[in-house]
Amino acid sequence: MITLIPRQSASTGWQIATPVMAVLATMVTGGLLFALLGHDPVAAIRTIFWDPLFGPAASYSRPQLLIKAAPLILIASGLAIGFRAGIWNIGAEGQYIIGGLTGAAVALALYPLEAWWLFPLMVAAGLAGGWAWGMIPAMLRNWFGASEILVSLMLVYVAQRIAAWMAFGPMRNPDGMGFPGSRNLQQYPSAANPELIAGTGAHWGVVAAAAAVLATWFLMSRHIRGFHIRAAGTAPRAARFAGVRPQTLVAFCLGLSGALAGAAGLFEVAGPAGQVTDKLGVGYGFTAIIVAFLGRLHPVGILLAGLLLALTYIGGELAQLTMSLPAATVQVFQGMLLFFLLGFDVLTRYQIRRRRTA
Amino acid sequence: MRSKQVKDLTKGTELTDMPVFRAKGLGKSYPGVRANDDVSFHVMPGEIHALLGENGAGKSTLVKMIYGLVRPDDGQMWLGDGAHAPSDPRVARTAGVAMVFQHFSLFDALTVAENIALGMENPPPRRELSARITKVSHDFGLPLNPARRIVTLSAGERQRVEIIRCLLQNPRLLIMDEPTSVLTPQEAELLFATLRKLAAAGTAILYISHKLDEIRSHCDRATILRHGKVVDSCDPRAHSARDLAAMMVGGQMRQIDRSGRQPGAVLLEVRALSQPAPNAEGTALKDIALTLRAGEILGIGGVAGNGQEELLAALSGEVRSTPGTVTLEGADLSATGPEPRRVAGLLSAPEDRLGHAAVPDFSLTENTLLTAGSRKSLVRGGLIDHKAARDYALAVIEGFDVRTPGPHVAARALSGGNLQKFVIGREVMQNPRVLVVNQPTWGVDAGAAASVRQSLLDLARQGAGVIVISQDLDELLELSDRFCALNEGRLSPPVPTDGLTLDRIGLMLGGAHGMEEAHL
Amino acid sequence: MIDPLSVFLLLISASTPILFAALGELVVERAGVLNLGVEGMMITGALAGFAAAYASGNPFLGFLVAALAGATISLLFAALTQVFLANQVASGLALTLFGLGLAAMFGKPFEGVKAPAMPIGPLRINWIVWLGLVMVPVVWWFLNRTRRGLILRGVGENHEAAHALGYDVRLTRLAAIAFGGAMAGVGGAFISIATVLQWTEGMTAGAGWIALAIVVFSNWTAPGVLAGAWLFGGVTVLQLRLQAAGVAVPVQLLSMAPYLATIIVLVAISARQKYSRRAGAAAPGSLGTNFHALR
């Protein structure tokens with residue numbers, strides 16, 4: 001019989017090893033899945049994990065890596081702080097959409113004005129929009145005790161419908177000959193979020209993601225607020241004893257993660273996506289949850305996990321093109337990754353002992 | 001309801017010489033701990049058999065093995081003439097073992113009848129069970145309403161539910177794990193009367209406690225455990241409390257030095273402090289008033305759940321109160337949170353070490369940041385000085401003899417006594433003006449308890465005011481200059497501790513009429 | 001004019017998927033487990049049930065397969081939380097993300113085909129709707145009148161105490177989770193087989209999350225779940241009626257109604273639970289916490 005014995009403190013070695021093990025297990029299981037579907041498992045795994053970086057079309061796909069990783073890292077950095085405190089914002093997708101909409105609204109309202117301050121203003125509006133959307137579940141939890149999990153998630157569906165309404169209604173491009181979707185912001189110089197260094201895919205969102213990683217690392221390891229957040233997550237009563245007001249923390253965590261998700265949405269709308277459409281939300285907000293966990297809620301881990309999951313996005317698209325694998329393959333991979341990680345995680349907290357049965 | 005007349009019934013009854021329960025060579029290990037080692041003893045029918053030992057001596061592990069919750073690594077047990085090796089508690093119950101737990105194994109949201117049904121192997125249909133609960137509980141003088149939900153019951157009533165649950169199964173062996181820790185002295189008398197009746201009917205009772213006086217007056221035999229081993233077996237009535245304590249601890253008890261304290265100016269003043277109950281299980285505070293002088297120790301006694309945690313929260317700042325209710329040296333702190341109160345010099349240490357006074361998963365270094373950030377300059381401008389925090393943790397470890405490999409160790413890896421020394425030390429070494437502690441030696445071994453108590457006395461000698469909230473009346477009598485009783489959220493006026501007897505305290509703790517007696 | 005009876009029939013039909021899923025989650029939560037994977041289990045059931053019904057031509061076989069599929073995928077969550085002691089919130093989210101992906105991946109071949117027709121039951125009501133209505137008293141009776149139901153509530157209320165009394169916390173929870181999975185599977189299949197009559201990606205559209213909210217709304221009781229499901233069904237029918245009537249509100253805004261209604265209801269009920277002076281919280285005492293016993 002096998003028994004689990006709690007460790008005195010979480011094992012650092014396993015904390016680093018388990019995400020790697022989860023990735024490997026996902027590759028093996030994914031390979032089996034492909035074989036089941038009648039594809040060559042080795043080729044499929046190589047297409048997803050290798051070819052985007054080093055394959056024949058790598059010069060096209062490499063820049064995509066940063067484009068896809070930036071929103072994931074930006075959102076996950078905020079989410080991880082809340083998760084540390086036991087505050088579950090799972091509606092980042094909605095905050096992302098709203099941030100994109102409010103940011104774009106500024107540009108569309110001022111079109112065709114050209115000014116240096118327009119883009120910063122849009123970023124501020126994106127932050128504010130995401131922040132406000134995140135504050136709804138925060139306030140409803142603080143005032144009425146409503147579950148922030150369910151409220152933030154419901155608000156994703158609401159945000160999706162607002163985006164659709166905007167794309168078909170108020171924000172529709174007046175010069176678009178009746179097609180849904182707003183003006184293309186990439187063709188509006190003051191509002192565009194361009195590629196900063198040609199060929200890298202790096203836009204302002206990438207800069208913001210890097211800044212977020214640094215800032216959250218500083219917050220969580222050097223600042224007393226970060227200490228309080230960690231304390232509240234593992235021992236809420238002790239945090240209150242230290243002087244933390246739970247309501248303040250709820251508002252801080254949901255507001256911050258909402259703002260970062262909103263900024264990610266704005267960078268996307270003004271950059272790679274270019275316009276407001278009803279498909280504004282592409283699932284970054286949900287994938288970022290996986291990024292946060294896979295990165296162990298640690299800024300550096302999130303950086304690596306964000307890059308890895310961005311890779312699966314690109315690899316998935318590549319596999320869709322070259323091997324006609326279903327588009328949802330990536331989603332399955334990401335779900336499996338989280339499953340394996342959560343399962344292997346037992347090793348960080350428990351020692352596995354074999355025991356004779358009585 | 002104080003019925004001592006049944007006390008001597010066992011002496012007259014003719015009982016067989018066959019023990020109800022025997023254990024031989026029982027042993028159990030956990031990682032890093034030998035919880036029980038070669039434990040042998042037996043319990044006779046009709047006997048109230050005490051299992052005596054310090055916290056951590058292995059009493060709980062031993063009875064969990066008898067009840068089938070823990071499987072012994074080695075040794076054997078017999079119940080009657082049959083081997084007893086229960087694979088789980090249901091097997092043990094079927095064999096005739098019943099147990100009343102220290103921390104009740106009750107389900108708050110369920111009714112009394114449902115709770116009792118869960119503790120029986122083949123409960124009768126609902127109506128019949130309710131009728132039997134009503135009848136048996138009345139027969140034993142412990143009336144219970146089967147339809148009530150547990151949340152609505154007092155601690156004493158909850159224990160009744162546990163006891164009735166056991167009685168309905170007609171057990172051969174009844175195990176009671178520290179049953180009086182949640183009872184007033186009067187309620188405890190009632191409990192012993194019940195146990196006497198049961199013993200008279202032939203039930204063997206295994207009674208776990210560390211309270212020497214009650215064991216000396218109520219138990220027929222005592223088996224004493226130390227570090228997991230049986231060190232002695234004796235008739236507790238033939239020994240003094242001091243002897244029993246020495247057997248339990250394995251040496252002389254350290255004497256406490258109370259000398260050299262002078263009451264000074266008023267430091268802390270609490271006036272008309274009322275708070276609604278924080279939740280359904282909590283207690284409302286009603287019109288609390290107290291004053292605390294420099295150099296003074298004020299003891300606050302009471303049975304668990306009468307507002308101790310709420311009072312500590314109101315003083316620590318975790319819960320804020322209306323203006324003018326809490327003042328420290330003239331400054332009104334009522335509306336401030338824990339941090340400003342610490343800056344002003346009002347510090348506290350809550351009862352629950354793991355999860356309230358300390359973060360279990362954090363290192364000792366990090367745990368200093370919980371309360372000492374401002375007073376010890378471990379945090380400046382929001383930035384943490386990790387080096388300073390580590391140094392302070394080392395200073396506390398050194399100053400309070402905390403046994404640990406170092407400040408990097410997680411709080412939950414420390415024993416109860418060592419963590420308590422760390423928590424108390426963390427506050428004391430900040431030189432508070434006033435320190436409020438709740439249950440400072442609860443679940444702590446005798447050595448650590450003595451050093452914690454001494455540190456509180458030393459703190460008062462240096463001119464600080466100390467409030468000790470405790471359910472251990474001996475501790476309050478030993479430490480405090482004045483004593484108040486906390487009862488259903490009300491605080492009695494203080495009485496000087498000198499000349500106060502346990503009986504008198506019992507009356508003070510016993511409710512509204514007891515409060516009036518306290519005025520006499 | 002609108003015939004009240006036909007509106008009522010629409011209402012109970014619209015509420016059926018949520019009713020099944022919420023009844024299942026009610027039992028799971030009463031056992032002390034918070035499974036946020038309802039959405040993932042529903043979509044799995046929706047696809048598996050549709051595929052089986054399409055392949056066999058028998059819708060009832062579809063529902064049976066949906067129940068099995070829902071239960072099977074719920075065991076992933078069960079293994080993570082009960083064996084590997086993983087965080088329940090994270091594991092539930094993982095189940096939802098995984099289920100949505102899996103269904104999208106295997107659902108491609110079934111896009112655009114039509115489900116076999118459901119035979120109509122008594123009173124022009126679908127048999128599965130009847131089954132859902134019958135499950136309400138059955139779940140109530142199980143929880144409140146049977147020994148196993150009592151043990152399950154005990155495990156959910158205080159797993160330490162249940163363990164101390166000798167009950168198998170893990171086994172009880174595994175069974176509850178599997179039941180919840182089966183019910184969610186049937187609920188999902190009702191959407192694909194009996195409502196939309198075809199398979200589309202992401203067709204559960206948050207129904208699983210609404211079911212979770214309805215369990216809170218119900219105060220963890222079976223009759224409360226029915227009331228919540230009907231309330232939701234009412235909002236959905238109303239919203240569709242308004243759309244059909246051509247009200248001058250954009251369709252996208254009208255279709256927010258179920259989600260907004262869920263938030264409003266959740267807030268109202270949470271506020272009542274928070275501020276009511278009645279003794280004892282309604283949520284099971286051990287909800288969402290894992291149990292690990294050292295023996």
# chains A, B, ... in the order shown; residues from 1 in each chain; ligands from 1
>>> interface_residues(of="chain A", to="chain B", cutoff="6 Å", atoms="only C-alpha atoms", output="number ranges by chain")
A: 8, 222-224, 235, 237-238, 241-243
>>> write_last_selection(atoms="C-alpha atoms", output="CSV table (one decimal), in the first residue's frame")
chain,number,residue,atom,x,y,z
A,8,GLN,CA,7.4,19.8,6.7
A,222,ARG,CA,10.2,42.6,-1.4
A,223,HIS,CA,7.1,44.5,-0.4
A,224,ILE,CA,5.0,44.0,2.7
A,235,ALA,CA,-3.6,31.6,6.7
A,237,ARG,CA,-6.8,34.6,10.1
A,238,ALA,CA,-3.1,35.2,10.6
A,241,PHE,CA,-4.1,39.5,12.8
A,242,ALA,CA,-1.2,41.1,11.0
A,243,GLY,CA,-3.6,44.0,10.1
>>> interface_residues(of="chain B", to="chain C", cutoff="7 Å", atoms="only C-alpha atoms", output="PDB file with C-alpha atoms, in the first residue's frame")
ATOM      1  CA  LEU B  69      -8.685   5.130  14.112  1.00  0.00           C
ATOM      2  CA  VAL B  70      -4.991   4.291  14.133  1.00  0.00           C
ATOM      3  CA  ARG B  71      -3.463   0.897  13.589  1.00  0.00           C
ATOM      4  CA  ASP B  88     -11.890   0.996  11.664  1.00  0.00           C
ATOM      5  CA  PRO B  89     -14.058   2.686  14.308  1.00  0.00           C
ATOM      6  CA  ARG B  90     -17.217   0.966  13.161  1.00  0.00           C
ATOM      7  CA  SER B 105     -16.861  14.783  16.454  1.00  0.00           C
ATOM      8  CA  LEU B 106     -20.170  16.496  15.828  1.00  0.00           C
ATOM      9  CA  PHE B 107     -21.777  17.855  12.676  1.00  0.00           C
ATOM     10  CA  ALA B 109     -25.572  21.737  10.679  1.00  0.00           C
ATOM     11  CA  LEU B 118     -24.205   8.708  12.576  1.00  0.00           C
ATOM     12  CA  GLY B 119     -22.477   7.422  15.687  1.00  0.00           C
ATOM     13  CA  VAL B 151     -24.900  24.924  16.221  1.00  0.00           C
ATOM     14  CA  THR B 152     -27.563  26.084  18.635  1.00  0.00           C
ATOM     15  CA  ALA B 280     -23.546  32.244  13.916  1.00  0.00           C
TER      16      ALA B 280
END
>>> residues_around(residues="range 137-140 of chain B", least_positions_apart="3", cutoff="10 Å", atoms="only C-alpha atoms", output="MDAnalysis selection string")
chainID B and resid 131:134 143:146 160:161 163:165 167:168 190:191 193:195 197:198
>>> residues_around(residues="Ala264 in chain A", least_positions_apart="5", cutoff="8 Å", atoms="only C-alpha atoms", output="list in words")
Ala70, Pro71, Leu74, Ile75, Tyr96, Gly99, Gly100 and Gly205 of chain A
>>> write_last_selection(atoms="C-alpha atoms", output="PDB file, in the first residue's frame")
ATOM      1  CA  ALA A  70       2.736  38.827 -24.129  1.00  0.00           C
ATOM      2  CA  PRO A  71      -0.980  38.792 -23.283  1.00  0.00           C
ATOM      3  CA  LEU A  74       0.545  40.001 -18.671  1.00  0.00           C
ATOM      4  CA  ILE A  75      -2.755  38.438 -17.613  1.00  0.00           C
ATOM      5  CA  TYR A  96      -9.465  41.498 -21.430  1.00  0.00           C
ATOM      6  CA  GLY A  99     -10.103  46.625 -21.687  1.00  0.00           C
ATOM      7  CA  GLY A 100      -9.828  46.206 -25.435  1.00  0.00           C
ATOM      8  CA  GLY A 205       2.428  44.653 -24.928  1.00  0.00           C
TER       9      GLY A 205
END
>>> residues_around(residues="Ser274 in chain B", least_positions_apart="5", cutoff="10 Å", atoms="only C-alpha atoms", output="PyMOL selection string")
chain B and resi 284-289+311+314+321-322+325+489-490
>>> interface_residues(of="chain C", to="chain A", cutoff="9 Å", atoms="only C-alpha atoms", output="ChimeraX atom specification")
/C:76-77,79-81,83-87,89-91,93-106,108,205-206,209-210,212-213,250-253,255-257,259-260,262-263,266-275,292,294-295
>>> select_by_dssp(residues="range 157-363 of chain B", states="helix (DSSP H, G or I)", output="mmCIF file with N, CA and C atoms, in the first residue's frame")
data_model
loop_
_atom_site.group_PDB
_atom_site.id
_atom_site.type_symbol
_atom_site.label_atom_id
_atom_site.label_comp_id
_atom_site.auth_asym_id
_atom_site.auth_seq_id
_atom_site.Cartn_x
_atom_site.Cartn_y
_atom_site.Cartn_z
ATOM 1 N N GLU B 157 -23.819 21.144 26.340
ATOM 2 C CA GLU B 157 -24.879 20.369 25.682
ATOM 3 C C GLU B 157 -24.311 19.511 24.552
ATOM 4 N N ARG B 158 -23.300 20.056 23.865
ATOM 5 C CA ARG B 158 -22.691 19.270 22.786
ATOM 6 C C ARG B 158 -22.061 18.011 23.342
ATOM 7 N N GLN B 159 -21.439 18.162 24.502
ATOM 8 C CA GLN B 159 -20.831 16.977 25.085
ATOM 9 C C GLN B 159 -21.895 15.947 25.469
ATOM 10 N N ARG B 160 -23.044 16.451 25.909
ATOM 11 C CA ARG B 160 -24.139 15.528 26.215
ATOM 12 C C ARG B 160 -24.481 14.689 24.999
ATOM 13 N N VAL B 161 -24.507 15.339 23.840
ATOM 14 C CA VAL B 161 -24.853 14.604 22.617
ATOM 15 C C VAL B 161 -23.854 13.470 22.413
ATOM 16 N N GLU B 162 -22.582 13.778 22.597
ATOM 17 C CA GLU B 162 -21.549 12.746 22.433
ATOM 18 C C GLU B 162 -21.764 11.611 23.428
ATOM 19 N N ILE B 163 -22.088 11.996 24.673
ATOM 20 C CA ILE B 163 -22.231 10.969 25.705
ATOM 21 C C ILE B 163 -23.460 10.096 25.433
ATOM 22 N N ILE B 164 -24.577 10.753 25.101
ATOM 23 C CA ILE B 164 -25.794 9.979 24.829
ATOM 24 C C ILE B 164 -25.569 9.057 23.632
ATOM 25 N N ARG B 165 -24.824 9.569 22.639
ATOM 26 C CA ARG B 165 -24.509 8.750 21.468
ATOM 27 C C ARG B 165 -23.789 7.473 21.913
ATOM 28 N N CYS B 166 -22.889 7.614 22.863
ATOM 29 C CA CYS B 166 -22.175 6.436 23.367
ATOM 30 C C CYS B 166 -23.107 5.537 24.179
ATOM 31 N N LEU B 167 -23.926 6.154 25.042
ATOM 32 C CA LEU B 167 -24.751 5.358 25.955
ATOM 33 C C LEU B 167 -25.761 4.509 25.206
ATOM 34 N N PRO B 179 -12.588 15.238 28.768
ATOM 35 C CA PRO B 179 -13.983 15.694 28.635
ATOM 36 C C PRO B 179 -14.279 16.977 29.401
ATOM 37 N N THR B 180 -13.525 17.296 30.454
ATOM 38 C CA THR B 180 -13.926 18.450 31.258
ATOM 39 C C THR B 180 -13.285 19.746 30.789
ATOM 40 N N SER B 181 -12.473 19.683 29.730
ATOM 41 C CA SER B 181 -11.777 20.904 29.327
ATOM 42 C C SER B 181 -12.737 21.993 28.863
ATOM 43 N N VAL B 182 -13.955 21.623 28.479
ATOM 44 C CA VAL B 182 -14.895 22.640 28.008
ATOM 45 C C VAL B 182 -16.022 22.879 29.007
ATOM 46 N N PRO B 185 -16.756 23.936 36.431
ATOM 47 C CA PRO B 185 -16.603 22.951 37.498
ATOM 48 C C PRO B 185 -17.930 22.278 37.853
ATOM 49 N N GLN B 186 -19.029 23.039 37.826
ATOM 50 C CA GLN B 186 -20.331 22.447 38.167
ATOM 51 C C GLN B 186 -20.767 21.428 37.128
ATOM 52 N N GLU B 187 -20.565 21.787 35.847
ATOM 53 C CA GLU B 187 -20.920 20.840 34.786
ATOM 54 C C GLU B 187 -20.064 19.585 34.887
ATOM 55 N N ALA B 188 -18.807 19.770 35.282
ATOM 56 C CA ALA B 188 -17.914 18.624 35.415
ATOM 57 C C ALA B 188 -18.421 17.685 36.510
ATOM 58 N N GLU B 189 -18.931 18.244 37.626
ATOM 59 C CA GLU B 189 -19.492 17.410 38.688
ATOM 60 C C GLU B 189 -20.626 16.547 38.150
ATOM 61 N N LEU B 190 -21.478 17.161 37.352
ATOM 62 C CA LEU B 190 -22.599 16.449 36.754
ATOM 63 C C LEU B 190 -22.092 15.298 35.887
ATOM 64 N N LEU B 191 -21.035 15.573 35.147
ATOM 65 C CA LEU B 191 -20.462 14.538 34.291
ATOM 66 C C LEU B 191 -19.964 13.366 35.134
ATOM 67 N N PHE B 192 -19.284 13.680 36.232
ATOM 68 C CA PHE B 192 -18.747 12.594 37.041
ATOM 69 C C PHE B 192 -19.856 11.765 37.671
ATOM 70 N N ALA B 193 -20.955 12.424 38.041
ATOM 71 C CA ALA B 193 -22.087 11.670 38.566
ATOM 72 C C ALA B 193 -22.565 10.660 37.525
ATOM 73 N N THR B 194 -22.640 11.097 36.257
ATOM 74 C CA THR B 194 -23.063 10.201 35.188
ATOM 75 C C THR B 194 -22.082 9.040 35.044
ATOM 76 N N LEU B 195 -20.799 9.358 35.070
ATOM 77 C CA LEU B 195 -19.797 8.304 34.911
ATOM 78 C C LEU B 195 -19.896 7.297 36.050
ATOM 79 N N ARG B 196 -20.169 7.771 37.265
ATOM 80 C CA ARG B 196 -20.318 6.867 38.410
ATOM 81 C C ARG B 196 -21.470 5.901 38.188
ATOM 82 N N LYS B 197 -22.598 6.450 37.690
ATOM 83 C CA LYS B 197 -23.756 5.581 37.420
ATOM 84 C C LYS B 197 -23.389 4.507 36.421
ATOM 85 N N LEU B 198 -22.685 4.903 35.378
ATOM 86 C CA LEU B 198 -22.300 3.951 34.340
ATOM 87 C C LEU B 198 -21.369 2.895 34.901
ATOM 88 N N ALA B 199 -20.406 3.332 35.683
ATOM 89 C CA ALA B 199 -19.440 2.405 36.247
ATOM 90 C C ALA B 199 -20.160 1.423 37.159
ATOM 91 N N ALA B 200 -21.129 1.945 37.898
ATOM 92 C CA ALA B 200 -21.887 1.075 38.797
ATOM 93 C C ALA B 200 -22.596 -0.013 38.016
ATOM 94 N N LEU B 212 -4.996 16.955 37.541
ATOM 95 C CA LEU B 212 -4.660 16.028 38.618
ATOM 96 C C LEU B 212 -5.750 15.953 39.671
ATOM 97 N N ASP B 213 -6.347 17.097 39.999
ATOM 98 C CA ASP B 213 -7.320 17.088 41.084
ATOM 99 C C ASP B 213 -8.529 16.227 40.754
ATOM 100 N N GLU B 214 -9.027 16.363 39.535
ATOM 101 C CA GLU B 214 -10.227 15.587 39.220
ATOM 102 C C GLU B 214 -9.904 14.111 39.127
ATOM 103 N N ILE B 215 -8.715 13.778 38.731
ATOM 104 C CA ILE B 215 -8.340 12.369 38.683
ATOM 105 C C ILE B 215 -8.219 11.822 40.101
ATOM 106 N N ARG B 216 -7.654 12.613 40.988
ATOM 107 C CA ARG B 216 -7.495 12.140 42.360
ATOM 108 C C ARG B 216 -8.838 11.947 43.042
ATOM 109 N N SER B 217 -9.816 12.767 42.718
ATOM 110 C CA SER B 217 -11.082 12.610 43.434
ATOM 111 C C SER B 217 -12.054 11.661 42.736
ATOM 112 N N HIS B 218 -11.832 11.311 41.476
ATOM 113 C CA HIS B 218 -12.861 10.516 40.796
ATOM 114 C C HIS B 218 -12.383 9.204 40.212
ATOM 115 N N PRO B 236 -4.611 6.728 42.234
ATOM 116 C CA PRO B 236 -4.326 8.169 42.295
ATOM 117 C C PRO B 236 -4.688 8.771 43.653
ATOM 118 N N ARG B 237 -5.622 8.139 44.386
ATOM 119 C CA ARG B 237 -6.034 8.711 45.667
ATOM 120 C C ARG B 237 -4.938 8.564 46.717
ATOM 121 N N ALA B 238 -4.021 7.626 46.439
ATOM 122 C CA ALA B 238 -2.958 7.388 47.405
ATOM 123 C C ALA B 238 -1.775 8.328 47.195
ATOM 124 N N ALA B 241 -1.116 15.423 44.483
ATOM 125 C CA ALA B 241 -1.084 15.991 43.141
ATOM 126 C C ALA B 241 0.350 16.255 42.709
ATOM 127 N N ARG B 242 1.172 16.671 43.687
ATOM 128 C CA ARG B 242 2.578 16.965 43.388
ATOM 129 C C ARG B 242 3.314 15.714 42.920
ATOM 130 N N ASP B 243 3.038 14.570 43.598
ATOM 131 C CA ASP B 243 3.669 13.309 43.201
ATOM 132 C C ASP B 243 3.261 12.919 41.778
ATOM 133 N N LEU B 244 1.935 13.032 41.536
ATOM 134 C CA LEU B 244 1.442 12.652 40.205
ATOM 135 C C LEU B 244 2.087 13.529 39.135
ATOM 136 N N ALA B 245 2.179 14.810 39.449
ATOM 137 C CA ALA B 245 2.778 15.736 38.484
ATOM 138 C C ALA B 245 4.226 15.363 38.218
ATOM 139 N N ALA B 246 4.922 14.993 39.284
ATOM 140 C CA ALA B 246 6.324 14.617 39.105
ATOM 141 C C ALA B 246 6.444 13.376 38.225
ATOM 142 N N MET B 247 5.523 12.404 38.426
ATOM 143 C CA MET B 247 5.548 11.202 37.595
ATOM 144 C C MET B 247 5.277 11.554 36.128
ATOM 145 N N MET B 248 4.348 12.479 35.929
ATOM 146 C CA MET B 248 3.941 12.869 34.589
ATOM 147 C C MET B 248 5.091 13.576 33.854
ATOM 148 N N VAL B 249 5.728 14.498 34.556
ATOM 149 C CA VAL B 249 6.732 15.350 33.932
ATOM 150 C C VAL B 249 8.124 14.717 34.026
ATOM 151 N N GLN B 308 -14.051 34.689 24.472
ATOM 152 C CA GLN B 308 -12.608 34.899 24.609
ATOM 153 C C GLN B 308 -11.984 35.387 23.315
ATOM 154 N N GLU B 309 -12.273 34.671 22.213
ATOM 155 C CA GLU B 309 -11.675 35.047 20.927
ATOM 156 C C GLU B 309 -12.151 36.428 20.494
ATOM 157 N N GLU B 310 -13.425 36.696 20.730
ATOM 158 C CA GLU B 310 -13.989 37.979 20.322
ATOM 159 C C GLU B 310 -13.360 39.115 21.120
ATOM 160 N N LEU B 311 -13.121 38.879 22.425
ATOM 161 C CA LEU B 311 -12.499 39.917 23.256
ATOM 162 C C LEU B 311 -11.079 40.179 22.768
ATOM 163 N N LEU B 312 -10.347 39.113 22.469
ATOM 164 C CA LEU B 312 -8.984 39.311 21.979
ATOM 165 C C LEU B 312 -9.000 40.087 20.661
ATOM 166 N N ALA B 313 -9.947 39.724 19.768
ATOM 167 C CA ALA B 313 -10.014 40.405 18.468
ATOM 168 C C ALA B 313 -10.329 41.893 18.646
ATOM 169 N N ALA B 314 -11.166 42.204 19.629
ATOM 170 C CA ALA B 314 -11.522 43.612 19.862
ATOM 171 C C ALA B 314 -10.340 44.381 20.449
ATOM 172 N N LEU B 315 -9.477 43.704 21.211
ATOM 173 C CA LEU B 315 -8.318 44.389 21.786
ATOM 174 C C LEU B 315 -7.160 44.458 20.786
ATOM 175 N N SER B 316 -6.999 43.409 19.978
ATOM 176 C CA SER B 316 -5.888 43.398 19.026
ATOM 177 C C SER B 316 -6.135 44.357 17.871
ATOM 178 N N PRO B 338 -4.969 46.547 13.721
ATOM 179 C CA PRO B 338 -3.884 45.957 14.502
ATOM 180 C C PRO B 338 -2.560 46.712 14.379
ATOM 181 N N GLU B 339 -2.222 47.184 13.186
ATOM 182 C CA GLU B 339 -0.915 47.815 13.008
ATOM 183 C C GLU B 339 -0.758 49.093 13.840
ATOM 184 N N PRO B 340 -1.685 50.046 13.741
ATOM 185 C CA PRO B 340 -1.553 51.247 14.575
ATOM 186 C C PRO B 340 -1.538 50.917 16.070
ATOM 187 N N ARG B 341 -2.274 49.907 16.473
ATOM 188 C CA ARG B 341 -2.281 49.543 17.893
ATOM 189 C C ARG B 341 -0.911 49.036 18.317
ATOM 190 N N ARG B 342 -0.264 48.274 17.424
ATOM 191 C CA ARG B 342 1.078 47.789 17.753
ATOM 192 C C ARG B 342 2.041 48.960 17.874
ATOM 193 N N VAL B 343 1.907 49.898 16.948
ATOM 194 C CA VAL B 343 2.783 51.068 17.003
ATOM 195 C C VAL B 343 2.584 51.791 18.334
ATOM 196 N N ALA B 344 1.326 51.853 18.803
ATOM 197 C CA ALA B 344 1.034 52.534 20.063
ATOM 198 C C ALA B 344 1.472 51.716 21.270
#
>>> residues_around(residues="Leu108 in chain A", least_positions_apart="2", cutoff="12 Å", atoms="only C-alpha atoms", output="number ranges by chain")
A: 100-106, 110-114, 118-119, 122, 166, 170-174, 181-185, 188, 190-192, 269-270, 275-276
>>> write_last_selection(atoms="C-alpha atoms", output="compact mmCIF listing (two decimals), in the first residue's frame")
# COMPACT_ATOMS: atom_id res chain seq x y z
CA GLY A 100 -9.83 46.21 -25.43
CA LEU A 101 -13.18 47.88 -25.95
CA THR A 102 -12.55 50.88 -23.69
CA GLY A 103 -9.10 51.41 -25.13
CA ALA A 104 -10.41 51.19 -28.68
CA ALA A 105 -13.32 53.46 -27.79
CA VAL A 106 -10.89 56.28 -26.98
CA LEU A 110 -10.98 60.81 -31.35
CA TYR A 111 -10.46 59.54 -34.91
CA PRO A 112 -8.81 60.96 -36.99
CA LEU A 113 -6.92 63.09 -34.50
CA GLU A 114 -3.18 62.46 -34.50
CA LEU A 118 -3.35 59.21 -27.88
CA PHE A 119 -1.77 55.80 -27.45
CA MET A 122 -5.71 54.33 -24.82
CA MET A 166 -20.10 46.99 -30.30
CA PRO A 170 -21.84 51.53 -32.04
CA MET A 171 -18.24 50.77 -33.03
CA ARG A 172 -18.90 49.52 -36.53
CA ASN A 173 -16.65 51.10 -39.11
CA PRO A 174 -18.77 53.77 -40.87
CA GLY A 181 -16.04 45.28 -37.01
CA SER A 182 -14.52 48.64 -36.17
CA ARG A 183 -11.97 50.73 -38.04
CA ASN A 184 -8.56 49.10 -38.23
CA LEU A 185 -6.42 50.80 -35.60
CA TYR A 188 -4.40 54.85 -37.55
CA SER A 190 -1.40 57.55 -33.36
CA ALA A 191 -3.51 54.66 -32.09
CA ALA A 192 -1.53 51.73 -33.47
CA VAL A 269 -6.91 45.37 -30.29
CA ALA A 270 -4.50 48.15 -31.24
CA GLN A 275 -9.93 46.08 -34.75
CA VAL A 276 -12.91 45.38 -32.51
